[in-house]
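Colleague: The file below is data-v9.cif, mmCIF, C-alpha atoms and all ligand atoms:
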data_entry
loop_
_atom_site.label_atom_id
_atom_site.label_comp_id
_atom_site.auth_asym_id
_atom_site.auth_seq_id
_atom_site.Cartn_x
_atom_site.Cartn_y
_atom_site.Cartn_z
CA MET A 1 -127.47 -11.73 87.59
CA LYS A 2 -128.95 -8.34 86.91
CA ALA A 3 -127.56 -4.83 87.25
CA LYS A 4 -129.37 -2.24 89.35
CA ASP A 5 -127.24 0.58 88.00
CA ILE A 6 -124.05 1.26 86.05
CA VAL A 7 -122.23 4.29 87.40
CA ILE A 8 -119.79 6.18 85.21
CA ASP A 9 -117.59 8.68 87.03
CA ARG A 10 -117.39 11.53 84.54
CA ASN A 11 -114.44 13.10 86.30
CA LEU A 12 -112.36 9.93 85.96
CA CYS A 13 -113.57 8.70 82.57
CA LYS A 14 -111.25 9.52 79.67
CA GLY A 15 -113.73 8.49 77.02
CA CYS A 16 -111.55 5.70 75.60
CA SER A 17 -114.60 3.45 75.02
CA ILE A 18 -112.67 0.29 75.93
CA CYS A 19 -115.62 -0.63 78.19
CA VAL A 20 -118.01 -0.30 75.25
CA HIS A 21 -115.74 -2.49 73.13
CA VAL A 22 -115.32 -5.34 75.66
CA CYS A 23 -118.95 -5.49 76.79
CA PRO A 24 -120.33 -8.78 75.41
CA LYS A 25 -123.96 -7.63 75.66
CA LYS A 26 -123.83 -4.20 74.01
CA THR A 27 -125.15 -2.74 77.25
CA LEU A 28 -122.98 0.34 76.78
CA GLY A 29 -122.69 2.92 74.02
CA ILE A 30 -120.84 6.17 73.48
CA SER A 31 -122.89 9.19 74.50
CA ARG A 32 -123.08 12.44 72.60
CA GLU A 33 -122.32 14.35 75.79
CA VAL A 34 -118.85 15.51 76.72
CA ASN A 35 -117.32 15.74 80.19
CA GLU A 36 -115.24 18.64 81.45
CA TYR A 37 -112.18 17.41 79.50
CA GLY A 38 -114.22 17.49 76.31
CA LEU A 39 -114.29 13.69 76.03
CA PHE A 40 -117.28 11.58 75.06
CA TYR A 41 -118.04 9.34 78.02
CA PRO A 42 -120.03 6.10 77.68
CA GLU A 43 -123.70 5.72 78.49
CA VAL A 44 -125.95 2.82 79.36
CA VAL A 45 -128.10 2.00 76.37
CA ASP A 46 -129.81 -1.12 77.74
CA LEU A 47 -129.43 -1.77 81.48
CA GLY A 48 -131.60 -4.90 81.31
CA SER A 49 -129.12 -6.64 79.00
CA CYS A 50 -126.23 -6.40 81.50
CA ILE A 51 -125.13 -9.77 82.92
CA VAL A 52 -122.80 -8.23 85.58
CA CYS A 53 -119.74 -9.95 84.09
CA ARG A 54 -117.75 -6.83 85.08
CA LEU A 55 -115.50 -7.04 82.02
CA CYS A 56 -115.98 -3.29 81.66
CA GLU A 57 -114.53 -2.78 85.16
CA LEU A 58 -111.72 -5.26 84.50
CA TYR A 59 -110.59 -3.47 81.32
CA CYS A 60 -111.25 0.18 82.24
CA PRO A 61 -107.80 1.80 82.61
CA ASP A 62 -109.22 4.57 84.80
CA PHE A 63 -111.47 2.88 87.41
CA ALA A 64 -114.26 5.04 86.06
CA ILE A 65 -117.09 2.52 85.60
CA GLU A 66 -118.85 0.46 88.23
CA VAL A 67 -121.70 -1.99 87.91
CA VAL A 68 -124.06 -2.14 90.87
CA GLN A 69 -125.63 -5.58 91.22
CA GLU A 70 -129.35 -5.85 91.90
CA MET B 1 -116.16 -9.20 94.77
CA ILE B 2 -113.56 -6.74 93.46
CA THR B 3 -115.35 -3.64 92.22
CA ALA B 4 -113.94 -0.36 90.95
CA ARG B 5 -115.09 1.35 94.16
CA TYR B 6 -113.34 -1.28 96.34
CA ILE B 7 -110.12 -0.82 94.35
CA LYS B 8 -110.26 2.97 94.63
CA GLU B 9 -110.96 2.85 98.37
CA ASN B 10 -108.21 0.36 99.17
CA TYR B 11 -105.44 0.44 96.61
CA VAL B 12 -105.21 3.69 94.65
CA ARG B 13 -103.48 6.75 96.01
CA ARG B 14 -104.99 9.30 93.65
CA LEU B 15 -106.87 9.63 90.38
CA PRO B 16 -107.26 10.57 87.57
CA SER B 17 -103.94 9.17 86.40
CA ALA B 18 -101.62 11.10 84.12
CA PHE B 19 -101.90 8.41 81.43
CA CYS B 20 -103.37 9.32 78.03
CA PRO B 21 -106.91 8.10 77.22
CA GLY B 22 -106.85 4.39 76.32
CA CYS B 23 -103.26 3.81 77.52
CA GLY B 24 -102.60 0.23 78.63
CA ASP B 25 -100.70 1.39 81.71
CA GLY B 26 -103.97 1.92 83.62
CA GLN B 27 -105.03 -1.63 82.77
CA ILE B 28 -101.74 -2.97 84.13
CA LEU B 29 -102.27 -1.02 87.37
CA ASN B 30 -105.72 -2.59 87.55
CA ALA B 31 -104.19 -6.08 87.04
CA ILE B 32 -101.47 -5.63 89.68
CA ILE B 33 -104.06 -4.48 92.25
CA ARG B 34 -106.32 -7.45 91.57
CA ALA B 35 -103.39 -9.89 91.88
CA ILE B 36 -102.34 -8.37 95.24
CA ASP B 37 -105.94 -8.50 96.47
CA HIS B 38 -106.36 -12.16 95.43
CA LEU B 39 -103.19 -13.11 97.30
CA LYS B 40 -104.40 -11.34 100.47
CA ILE B 41 -100.90 -10.22 101.35
CA ASP B 42 -100.55 -7.39 103.81
CA ARG B 43 -99.76 -4.16 102.00
CA LYS B 44 -96.92 -3.56 104.47
CA ASP B 45 -95.13 -6.65 103.13
CA ILE B 46 -95.01 -5.27 99.58
CA ALA B 47 -92.68 -2.69 98.11
CA ALA B 48 -92.95 -1.37 94.57
CA VAL B 49 -89.97 0.01 92.68
CA SER B 50 -89.92 1.81 89.35
CA GLY B 51 -87.51 3.77 87.17
CA ILE B 52 -88.38 6.55 84.73
CA GLY B 53 -90.93 6.40 81.94
CA CYS B 54 -94.72 6.48 81.54
CA SER B 55 -94.91 2.91 82.84
CA ALA B 56 -92.82 3.84 85.88
CA TRP B 57 -95.86 5.83 87.01
CA ILE B 58 -97.97 2.69 87.38
CA PRO B 59 -96.85 2.00 90.97
CA SER B 60 -95.74 5.50 91.85
CA PRO B 61 -97.78 7.49 92.66
CA TYR B 62 -100.92 5.44 92.02
CA LEU B 63 -100.47 2.10 93.83
CA ARG B 64 -100.98 2.46 97.56
CA VAL B 65 -97.94 0.48 98.81
CA ASP B 66 -94.52 1.71 99.89
CA SER B 67 -92.73 2.62 96.70
CA LEU B 68 -89.43 3.86 95.36
CA HIS B 69 -89.48 5.93 92.17
CA THR B 70 -85.80 5.66 91.20
CA THR B 71 -83.60 6.71 88.30
CA HIS B 72 -83.92 5.65 84.68
CA GLY B 73 -82.79 2.05 84.15
CA ARG B 74 -81.97 1.35 87.80
CA PRO B 75 -85.13 0.05 89.51
CA ILE B 76 -83.85 -3.54 89.48
CA ALA B 77 -80.64 -2.47 91.23
CA PHE B 78 -82.62 -0.61 93.93
CA ALA B 79 -85.03 -3.54 94.25
CA THR B 80 -82.15 -6.01 94.68
CA GLY B 81 -80.81 -3.86 97.53
CA LEU B 82 -84.25 -3.81 99.16
CA LYS B 83 -84.61 -7.56 98.88
CA VAL B 84 -81.16 -8.25 100.32
CA ALA B 85 -81.81 -5.86 103.23
CA ASN B 86 -85.25 -7.35 103.94
CA PRO B 87 -85.75 -10.75 102.27
CA ARG B 88 -89.26 -11.00 103.76
CA LEU B 89 -90.49 -8.21 101.47
CA LYS B 90 -92.34 -8.95 98.23
CA VAL B 91 -90.53 -6.56 95.91
CA ILE B 92 -92.28 -5.68 92.65
CA VAL B 93 -90.53 -3.70 89.93
CA VAL B 94 -92.59 -2.06 87.18
CA SER B 95 -90.34 -1.01 84.33
CA GLY B 96 -90.69 0.13 80.73
CA ASP B 97 -89.08 -1.72 77.85
CA GLY B 98 -86.57 1.11 77.44
CA ASP B 99 -85.94 1.24 81.18
CA ALA B 100 -85.50 -2.54 81.55
CA THR B 101 -83.69 -3.46 78.33
CA GLY B 102 -82.04 -0.24 77.07
CA ILE B 103 -80.27 1.68 79.81
CA GLY B 104 -81.09 -1.01 82.42
CA GLY B 105 -80.51 -4.16 80.35
CA ASN B 106 -77.44 -5.16 82.29
CA HIS B 107 -79.31 -5.13 85.61
CA LEU B 108 -82.05 -7.28 84.14
CA LEU B 109 -79.59 -9.92 82.93
CA HIS B 110 -77.77 -10.11 86.25
CA ALA B 111 -80.94 -10.17 88.36
CA ALA B 112 -82.12 -13.17 86.33
CA ARG B 113 -78.69 -14.82 86.52
CA SER B 114 -78.41 -14.40 90.30
CA ASN B 115 -82.04 -15.47 90.75
CA VAL B 116 -82.78 -12.75 93.28
CA GLY B 117 -86.36 -13.18 94.54
CA ILE B 118 -87.96 -10.06 93.10
CA THR B 119 -90.69 -9.67 90.47
CA VAL B 120 -90.20 -7.56 87.36
CA ILE B 121 -93.24 -6.53 85.31
CA MET B 122 -91.95 -5.06 82.06
CA VAL B 123 -94.35 -2.90 80.07
CA ASN B 124 -93.54 -3.37 76.41
CA ASN B 125 -94.97 -0.61 74.19
CA GLY B 126 -92.15 -0.94 71.66
CA LEU B 127 -90.63 2.50 72.19
CA TYR B 128 -89.64 5.27 74.60
CA ALA B 129 -93.06 6.78 75.16
CA MET B 130 -92.43 9.37 77.84
CA THR B 131 -89.73 11.17 75.87
CA GLY B 132 -91.65 11.32 72.60
CA GLY B 133 -91.71 7.89 70.93
CA GLN B 134 -88.05 7.15 70.16
CA VAL B 135 -86.73 3.77 68.99
CA ALA B 136 -86.11 1.16 71.73
CA PRO B 137 -84.41 -2.27 71.85
CA THR B 138 -87.93 -3.74 71.54
CA THR B 139 -88.95 -1.79 68.41
CA PRO B 140 -89.68 -4.31 65.63
CA HIS B 141 -87.59 -4.32 62.44
CA GLU B 142 -88.87 -1.72 59.96
CA ALA B 143 -91.27 -0.18 62.48
CA LYS B 144 -91.54 3.60 62.39
CA THR B 145 -90.75 5.67 65.47
CA THR B 146 -89.94 9.37 65.80
CA THR B 147 -86.21 8.57 65.48
CA THR B 148 -86.67 5.93 62.75
CA PRO B 149 -89.10 7.77 60.46
CA TYR B 150 -88.30 5.44 57.53
CA GLY B 151 -88.49 2.30 59.65
CA ASN B 152 -86.18 0.64 62.17
CA PRO B 153 -83.08 -0.71 60.37
CA ALA B 154 -82.16 -2.79 63.46
CA PHE B 155 -83.85 -5.85 64.95
CA SER B 156 -85.77 -6.23 68.19
CA LEU B 157 -84.90 -8.21 71.27
CA ASP B 158 -87.11 -11.10 72.40
CA VAL B 159 -86.81 -10.06 76.03
CA SER B 160 -88.65 -12.99 77.60
CA ARG B 161 -86.38 -15.47 75.80
CA VAL B 162 -83.26 -13.63 76.92
CA VAL B 163 -84.43 -13.49 80.55
CA ALA B 164 -85.31 -17.20 80.43
CA ALA B 165 -81.86 -18.03 79.07
CA ALA B 166 -80.23 -15.88 81.76
CA GLY B 167 -81.71 -18.11 84.48
CA ALA B 168 -85.02 -16.68 85.75
CA SER B 169 -87.33 -18.94 87.80
CA TYR B 170 -90.51 -17.63 86.21
CA VAL B 171 -91.05 -16.00 82.80
CA ALA B 172 -94.35 -15.18 81.11
CA ARG B 173 -95.58 -12.91 78.34
CA TRP B 174 -99.13 -11.50 77.99
CA THR B 175 -100.80 -8.45 76.53
CA THR B 176 -103.34 -5.97 77.89
CA TRP B 177 -105.98 -7.97 76.01
CA HIS B 178 -105.20 -10.97 78.29
CA MET B 179 -106.25 -9.42 81.60
CA ASN B 180 -107.25 -12.60 83.46
CA GLN B 181 -104.14 -14.52 82.38
CA LEU B 182 -102.01 -11.53 83.33
CA ILE B 183 -103.55 -11.31 86.82
CA ARG B 184 -102.97 -15.05 87.45
CA SER B 185 -99.42 -14.69 86.22
CA ILE B 186 -98.70 -11.73 88.52
CA GLU B 187 -100.00 -13.78 91.47
CA LYS B 188 -97.64 -16.65 90.59
CA ALA B 189 -94.73 -14.30 90.00
CA ILE B 190 -95.14 -12.56 93.37
CA MET B 191 -95.25 -15.93 95.17
CA LYS B 192 -92.28 -17.35 93.26
CA LYS B 193 -89.20 -17.76 95.42
CA GLY B 194 -86.66 -16.84 92.74
CA PHE B 195 -86.51 -14.15 90.05
CA SER B 196 -89.80 -13.74 88.21
CA PHE B 197 -90.39 -11.76 85.02
CA ILE B 198 -93.58 -10.84 83.19
CA GLU B 199 -93.52 -9.03 79.86
CA VAL B 200 -96.78 -7.22 79.07
CA LEU B 201 -97.39 -5.89 75.58
CA SER B 202 -99.27 -2.65 76.18
CA GLN B 203 -100.83 -0.09 73.86
CA CYS B 204 -99.40 3.42 73.72
CA PRO B 205 -101.98 5.10 71.50
CA THR B 206 -100.21 8.45 71.61
CA TYR B 207 -96.90 7.42 70.01
CA GLU B 208 -96.98 3.74 69.05
CA GLY B 209 -100.55 4.05 67.81
CA ARG B 210 -99.82 7.14 65.79
CA MET B 211 -96.85 5.43 64.12
CA LEU B 212 -98.86 2.27 63.38
CA ASN B 213 -101.94 4.24 62.35
CA MET B 214 -104.07 2.47 64.95
CA ASP B 215 -106.15 3.68 67.86
CA HIS B 216 -106.13 1.91 71.22
CA ILE B 217 -109.13 -0.27 70.38
CA GLU B 218 -107.50 -1.42 67.14
CA MET B 219 -104.30 -2.13 69.06
CA LEU B 220 -106.18 -4.25 71.61
CA GLU B 221 -107.81 -6.14 68.70
CA TRP B 222 -104.38 -6.58 67.14
CA PHE B 223 -103.16 -8.11 70.43
CA ARG B 224 -106.19 -10.41 70.53
CA LYS B 225 -105.74 -11.68 66.98
CA ASN B 226 -101.96 -11.97 66.73
CA PHE B 227 -100.63 -12.83 70.18
CA ARG B 228 -101.31 -16.52 70.77
CA GLU B 229 -99.86 -19.42 72.72
CA ASP B 230 -99.13 -21.24 69.43
CA ALA B 231 -97.57 -18.22 67.69
CA GLU B 232 -93.85 -17.67 67.00
CA GLY B 233 -91.27 -15.21 68.32
CA ILE B 234 -92.50 -12.08 70.05
CA TYR B 235 -96.11 -13.02 69.23
CA LYS B 236 -95.90 -16.12 71.44
CA ILE B 237 -97.65 -15.56 74.77
CA GLY B 238 -97.92 -17.81 77.82
CA GLU B 239 -95.72 -19.08 80.64
CA PHE B 240 -92.23 -19.91 79.34
CA VAL B 241 -90.44 -20.82 82.59
CA ASP B 242 -91.88 -21.99 85.93
CA ILE B 243 -89.22 -23.75 88.00
CA GLU B 244 -87.81 -23.82 91.54
CA LYS B 245 -84.12 -23.30 92.20
CA PRO B 246 -81.86 -21.73 94.87
CA GLU B 247 -82.54 -18.02 95.40
CA LEU B 248 -79.89 -15.33 96.03
CA THR B 249 -80.90 -14.03 99.49
CA GLU B 250 -81.42 -17.58 100.80
CA GLU B 251 -77.97 -18.56 99.58
CA LEU B 252 -76.57 -15.42 101.17
CA GLU B 253 -78.16 -16.24 104.53
CA LYS B 254 -76.82 -19.80 104.38
CA MET B 255 -73.38 -18.45 103.64
CA ILE B 256 -73.53 -16.02 106.57
CA GLU B 257 -74.54 -18.90 108.89
CA ARG B 258 -71.65 -20.99 107.60
CA VAL B 259 -69.06 -18.26 107.99
CA ARG B 260 -70.25 -17.34 111.50
CA ARG B 261 -69.81 -20.88 112.82
C1 LIG C 1 -80.21 8.73 82.73
C2 LIG C 1 -81.39 9.14 81.92
N1 LIG C 1 -81.32 9.04 80.57
C3 LIG C 1 -82.38 9.38 79.81
C4 LIG C 1 -83.53 9.86 80.39
C5 LIG C 1 -84.70 10.27 79.53
N2 LIG C 1 -85.76 9.30 79.55
C6 LIG C 1 -86.83 9.44 80.36
S1 LIG C 1 -87.97 8.23 80.17
C7 LIG C 1 -87.02 7.49 78.95
C8 LIG C 1 -87.47 6.27 78.23
C9 LIG C 1 -88.73 5.66 78.73
O1 LIG C 1 -89.05 4.55 77.92
P1 LIG C 1 -89.62 3.24 78.56
O2 LIG C 1 -88.76 2.78 79.66
O3 LIG C 1 -89.88 2.27 77.46
O4 LIG C 1 -90.99 3.73 79.25
P2 LIG C 1 -92.35 4.20 78.55
O5 LIG C 1 -92.37 5.69 78.69
O6 LIG C 1 -92.34 3.72 77.15
O7 LIG C 1 -93.41 3.53 79.37
C10 LIG C 1 -85.85 8.20 78.72
C11 LIG C 1 -84.84 7.84 77.73
C12 LIG C 1 -83.57 9.95 81.80
N3 LIG C 1 -84.68 10.36 82.43
N4 LIG C 1 -82.50 9.60 82.53
S1 LIG C 2 -113.17 2.21 79.77
FE1 LIG C 2 -113.29 3.59 81.55
S2 LIG C 2 -112.27 5.47 80.88
FE2 LIG C 2 -112.70 4.27 79.03
S3 LIG C 2 -114.70 5.07 78.33
FE3 LIG C 2 -115.13 3.30 79.64
S4 LIG C 2 -115.44 4.18 81.68
FE4 LIG C 2 -114.45 5.74 80.45
S1 LIG C 3 -120.93 -5.94 83.47
FE1 LIG C 3 -120.58 -7.01 81.52
S2 LIG C 3 -122.55 -6.92 80.49
FE2 LIG C 3 -122.65 -5.39 82.11
S3 LIG C 3 -121.99 -3.47 81.13
FE3 LIG C 3 -120.15 -4.39 82.02
S4 LIG C 3 -119.26 -5.61 80.35
FE4 LIG C 3 -121.39 -5.14 79.77
S1 LIG C 4 -97.46 8.53 75.90
FE1 LIG C 4 -98.14 6.44 75.48
S2 LIG C 4 -97.39 5.17 77.20
FE2 LIG C 4 -97.28 7.35 77.81
S3 LIG C 4 -99.23 7.70 78.91
FE3 LIG C 4 -99.54 8.33 76.77
S4 LIG C 4 -100.36 6.50 75.76
FE4 LIG C 4 -99.46 5.83 77.70
MG MG C 5 -91.65 1.88 76.43
#
Give the structure from the file, written as structure tokens.
Modeller:
Amino acid sequence: MKAKDIVIDRNLCKGCSICVHVCPKKTLGISREVNEYGLFYPEVVDLGSCIVCRLCELYCPDFAIEVVQE
Amino acid sequence: MITARYIKENYVRRLPSAFCPGCGDGQILNAIIRAIDHLKIDRKDIAAVSGIGCSAWIPSPYLRVDSLHTTHGRPIAFATGLKVANPRLKVIVVSGDGDATGIGGNHLLHAARSNVGITVIMVNNGLYAMTGGQVAPTTPHEAKTTTTPYGNPAFSLDVSRVVAAAGASYVARWTTWHMNQLIRSIEKAIMKKGFSFIEVLSQCPTYEGRMLNMDHIEMLEWFRKNFREDAEGIYKIGEFVDIEKPELTEELEKMIERVRR
């Protein structure tokens, strides 16, 4: 399975990076940008590596990340 | 397929939550929603009850089911009343460790003893988070809290063992690292006829983390490494009780039938 997109809702994300930590494929990283709360939200570093396991969605405490399947 | 969008559209009242960044309470909300969705029960047949504490906010206001946000320590008493009034309801209590075992410990014992068919999900972060990180009955020996700055001189309660001994029909312990096991357990607990209890070790980075000198990622890693099915004491996770026995509201209905005749 391949991901078409990984959408991070910057208004919901609290920058905890749990998604980055649980991702088995290192698809995600922490960006250098901050959202309106001043928190570093995650970014997609390698979309092609995503296997759509959705562990990031399962562990995100804030429903802020969503993987869109191809 | 359960996606974040599907969850937000169907099960969450409003976001962002009031929980601190990295708090396990949001993960537990996520787990409860997934369990309810897997079971395909009508939302109208579920009622959520909570007391006071950070964890009491998991169902109310975020979970989109009828909910009662009650007083500190008393959600199990309110939930028992709900269940007796309408035994068809699936009643789910979400309670903090302070709420369920400190001020509300007596209710917990008697709900397990009477085997009333409600589900209690107890969020164990080892202290009173909402009020500033004070010592709780679940704080480990020698652990620092804001009211035990030199370490806890007392000893902690193994809540799951106590609830099992008191007579619950279902008892399990997981952590926020064990999301899939937790979801399966919540499904079983909701469908259990008698009293069901799930203890979830959850990270409170703001108070517990500060005292332990760990951030939320380190706490999740600590859960992963130390909480195992073959571990001892509080570190032992898994299903401890899974039995069938007569349930309170069923016994009550039988008694009413008998007396009427
Ligand atoms: C009768 C009463 N006593 C004390 C309080 C203050 N109080 C509010 S929350 C709380 C403890 C919460 O701890 P816990 O149940 O573990 O929930 P957490 O915040 O850790 O999730 C206390 C003592 C209260 N609200 N009502
Ligand atoms: S887990 Fe959720 S809240 Fe935390 S950084 Fe990732 S998207 Fe943001
Ligand atoms: S779906 Fe899996 S592989 Fe893709 S970003 Fe999320 S955790 Fe990583
Ligand atoms: S104080 Fe602790 S338990 Fe309460 S919301 Fe913050 S991290 Fe969570
Ligand atoms: Mg607590």
Colleague: Once you count all atoms listed in the file, which residues end up within 6 Å of ligand LIG 1 (chain C), and could you hand them over as a VMD selection string?
Modeller: chain B and resid 52 to 55 72 96 to 99 125 127 to 131
Colleague: Any residue with an atom at most 8 Å from ligand LIG 4 (chain C) counts, using only C-alpha atoms and all ligand atoms. Which are they? Put them as a compact mmCIF listing (two decimals) with C-alpha atoms, in the coordinates of the input.
Modeller:
# COMPACT_ATOMS: atom_id res chain seq x y z
CA ALA B 18 -101.62 11.10 84.12
CA PHE B 19 -101.90 8.41 81.43
CA CYS B 20 -103.37 9.32 78.03
CA PRO B 21 -106.91 8.10 77.22
CA GLY B 22 -106.85 4.39 76.32
CA CYS B 23 -103.26 3.81 77.52
CA GLY B 24 -102.60 0.23 78.63
CA ASP B 25 -100.70 1.39 81.71
CA GLY B 53 -90.93 6.40 81.94
CA CYS B 54 -94.72 6.48 81.54
CA SER B 55 -94.91 2.91 82.84
CA ASN B 125 -94.97 -0.61 74.19
CA ALA B 129 -93.06 6.78 75.16
CA MET B 130 -92.43 9.37 77.84
CA GLY B 132 -91.65 11.32 72.60
CA GLY B 133 -91.71 7.89 70.93
CA GLN B 203 -100.83 -0.09 73.86
CA CYS B 204 -99.40 3.42 73.72
CA PRO B 205 -101.98 5.10 71.50
CA THR B 206 -100.21 8.45 71.61
CA TYR B 207 -96.90 7.42 70.01
CA GLU B 208 -96.98 3.74 69.05
Colleague: Show me, as a PyMOL selection string, the residues that have an atom within 10 Å of segment 37-50 of chain A when counting only C-alpha atoms, minus same-chain residues fewer than 6 positions from it.
Modeller: (chain A and resi 1-20+23-31+64-65+67+69) or (chain B and resi 21)
Colleague: Any chance you can output those residues with C-alpha atoms as a PDB file, in the frame of the given file?
Modeller:
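out04.pdb, written as the output of this step:
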ATOM      1  CA  MET A   1    -127.470 -11.730  87.590  1.00  0.00           C
ATOM      2  CA  LYS A   2    -128.950  -8.340  86.910  1.00  0.00           C
ATOM      3  CA  ALA A   3    -127.560  -4.830  87.250  1.00  0.00           C
ATOM      4  CA  LYS A   4    -129.370  -2.240  89.350  1.00  0.00           C
ATOM      5  CA  ASP A   5    -127.240   0.580  88.000  1.00  0.00           C
ATOM      6  CA  ILE A   6    -124.050   1.260  86.050  1.00  0.00           C
ATOM      7  CA  VAL A   7    -122.230   4.290  87.400  1.00  0.00           C
ATOM      8  CA  ILE A   8    -119.790   6.180  85.210  1.00  0.00           C
ATOM      9  CA  ASP A   9    -117.590   8.680  87.030  1.00  0.00           C
ATOM     10  CA  ARG A  10    -117.390  11.530  84.540  1.00  0.00           C
ATOM     11  CA  ASN A  11    -114.440  13.100  86.300  1.00  0.00           C
ATOM     12  CA  LEU A  12    -112.360   9.930  85.960  1.00  0.00           C
ATOM     13  CA  CYS A  13    -113.570   8.700  82.570  1.00  0.00           C
ATOM     14  CA  LYS A  14    -111.250   9.520  79.670  1.00  0.00           C
ATOM     15  CA  GLY A  15    -113.730   8.490  77.020  1.00  0.00           C
ATOM     16  CA  CYS A  16    -111.550   5.700  75.600  1.00  0.00           C
ATOM     17  CA  SER A  17    -114.600   3.450  75.020  1.00  0.00           C
ATOM     18  CA  ILE A  18    -112.670   0.290  75.930  1.00  0.00           C
ATOM     19  CA  CYS A  19    -115.620  -0.630  78.190  1.00  0.00           C
ATOM     20  CA  VAL A  20    -118.010  -0.300  75.250  1.00  0.00           C
ATOM     21  CA  CYS A  23    -118.950  -5.490  76.790  1.00  0.00           C
ATOM     22  CA  PRO A  24    -120.330  -8.780  75.410  1.00  0.00           C
ATOM     23  CA  LYS A  25    -123.960  -7.630  75.660  1.00  0.00           C
ATOM     24  CA  LYS A  26    -123.830  -4.200  74.010  1.00  0.00           C
ATOM     25  CA  THR A  27    -125.150  -2.740  77.250  1.00  0.00           C
ATOM     26  CA  LEU A  28    -122.980   0.340  76.780  1.00  0.00           C
ATOM     27  CA  GLY A  29    -122.690   2.920  74.020  1.00  0.00           C
ATOM     28  CA  ILE A  30    -120.840   6.170  73.480  1.00  0.00           C
ATOM     29  CA  SER A  31    -122.890   9.190  74.500  1.00  0.00           C
ATOM     30  CA  ALA A  64    -114.260   5.040  86.060  1.00  0.00           C
ATOM     31  CA  ILE A  65    -117.090   2.520  85.600  1.00  0.00           C
ATOM     32  CA  VAL A  67    -121.700  -1.990  87.910  1.00  0.00           C
ATOM     33  CA  GLN A  69    -125.630  -5.580  91.220  1.00  0.00           C
TER      34      GLN A  69
ATOM     35  CA  PRO B  21    -106.910   8.100  77.220  1.00  0.00           C
TER      36      PRO B  21
END
Colleague: Which residues are close to Val93 of chain B, i.e. within 10 Å by only C-alpha atoms, leaving aside same-chain residues fewer than 5 positions away? Reply as a list of chain:residue names.
Modeller: B:Ala47, B:Ala48, B:Val49, B:Ser50, B:Gly51, B:Ala56, B:Pro59, B:Ser67, B:Leu68, B:His69, B:Pro75, B:Ile76, B:Phe78, B:Ala79, B:Thr80, B:Ala100, B:Ile118, B:Thr119, B:Val120, B:Ile121, B:Met122, B:Phe197
Colleague: May I ask you to extract the residues of chain B within 10 Å of chain A, using only C-alpha atoms, and to give them as a PyMOL selection string?
Modeller: chain B and resi 2-8+12+15-17+19-31+34+176-180+215-217+220-221
Colleague: Store the residues picked out above, limited to C-alpha atoms, as a compact mmCIF listing (two decimals), in the coordinates of the input.
Modeller:
# COMPACT_ATOMS: atom_id res chain seq x y z
CA ILE B 2 -113.56 -6.74 93.46
CA THR B 3 -115.35 -3.64 92.22
CA ALA B 4 -113.94 -0.36 90.95
CA ARG B 5 -115.09 1.35 94.16
CA TYR B 6 -113.34 -1.28 96.34
CA ILE B 7 -110.12 -0.82 94.35
CA LYS B 8 -110.26 2.97 94.63
CA VAL B 12 -105.21 3.69 94.65
CA LEU B 15 -106.87 9.63 90.38
CA PRO B 16 -107.26 10.57 87.57
CA SER B 17 -103.94 9.17 86.40
CA PHE B 19 -101.90 8.41 81.43
CA CYS B 20 -103.37 9.32 78.03
CA PRO B 21 -106.91 8.10 77.22
CA GLY B 22 -106.85 4.39 76.32
CA CYS B 23 -103.26 3.81 77.52
CA GLY B 24 -102.60 0.23 78.63
CA ASP B 25 -100.70 1.39 81.71
CA GLY B 26 -103.97 1.92 83.62
CA GLN B 27 -105.03 -1.63 82.77
CA ILE B 28 -101.74 -2.97 84.13
CA LEU B 29 -102.27 -1.02 87.37
CA ASN B 30 -105.72 -2.59 87.55
CA ALA B 31 -104.19 -6.08 87.04
CA ARG B 34 -106.32 -7.45 91.57
CA THR B 176 -103.34 -5.97 77.89
CA TRP B 177 -105.98 -7.97 76.01
CA HIS B 178 -105.20 -10.97 78.29
CA MET B 179 -106.25 -9.42 81.60
CA ASN B 180 -107.25 -12.60 83.46
CA ASP B 215 -106.15 3.68 67.86
CA HIS B 216 -106.13 1.91 71.22
CA ILE B 217 -109.13 -0.27 70.38
CA LEU B 220 -106.18 -4.25 71.61
CA GLU B 221 -107.81 -6.14 68.70
Colleague: In Å, rounded to a single decimal, give me how far atom MG of ligand MG 5 (chain C) is from atom CA of Lys144 of chain B.
Modeller: 14.1 Å
Colleague: Would you compute an axis-aligned box for segment 214-229 of chain B, covering every atom listed for it in the file with 3 Å of margin on each side, and report centre and edge lengths in Å to one decimal as JSON?
Modeller:
{"center_x": -104.5, "center_y": -7.9, "center_z": 68.8, "size_x": 15.3, "size_y": 29.1, "size_z": 13.8}
Colleague: Would you mind reading off the distance between atom CA of Thr145 of chain B and atom CA of Arg210 of chain B, one decimal, in Å?
Modeller: 9.2 Å
Colleague: What is the distance between atom CA of Val162 of chain B and atom CA of Gly194 of chain B, in Å to one decimal?
Modeller: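 Result for atom CA of Val162 of chain B versus atom CA of Gly194 of chain B: 16.5 Å, one decimal.
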Colleague: Smallest atom-to-atom distance to ligand MG 5 (chain C): which of B:Leu82, B:Ala136, B:Val163, B:Ile32, using all atoms listed in the file?
Modeller: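 Closest to ligand MG 5 (chain C), using all atoms listed in the file: B:Ala136.
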Colleague: Between B:Leu108, B:Val259, B:Glu250, B:Lys245, which one has atoms that come closest to Val84 of chain B, using all atoms listed in the file?
Modeller: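 Closest residue, counting all atoms listed in the file: B:Glu250.
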Colleague: Compare B:Leu89, B:Ala143, B:Val200, B:Ile36 by their minimum atom-to-atom distance to ligand MG 5 (chain C), counting all atoms listed in the file, and give me the closest one.
Modeller: B:Val200
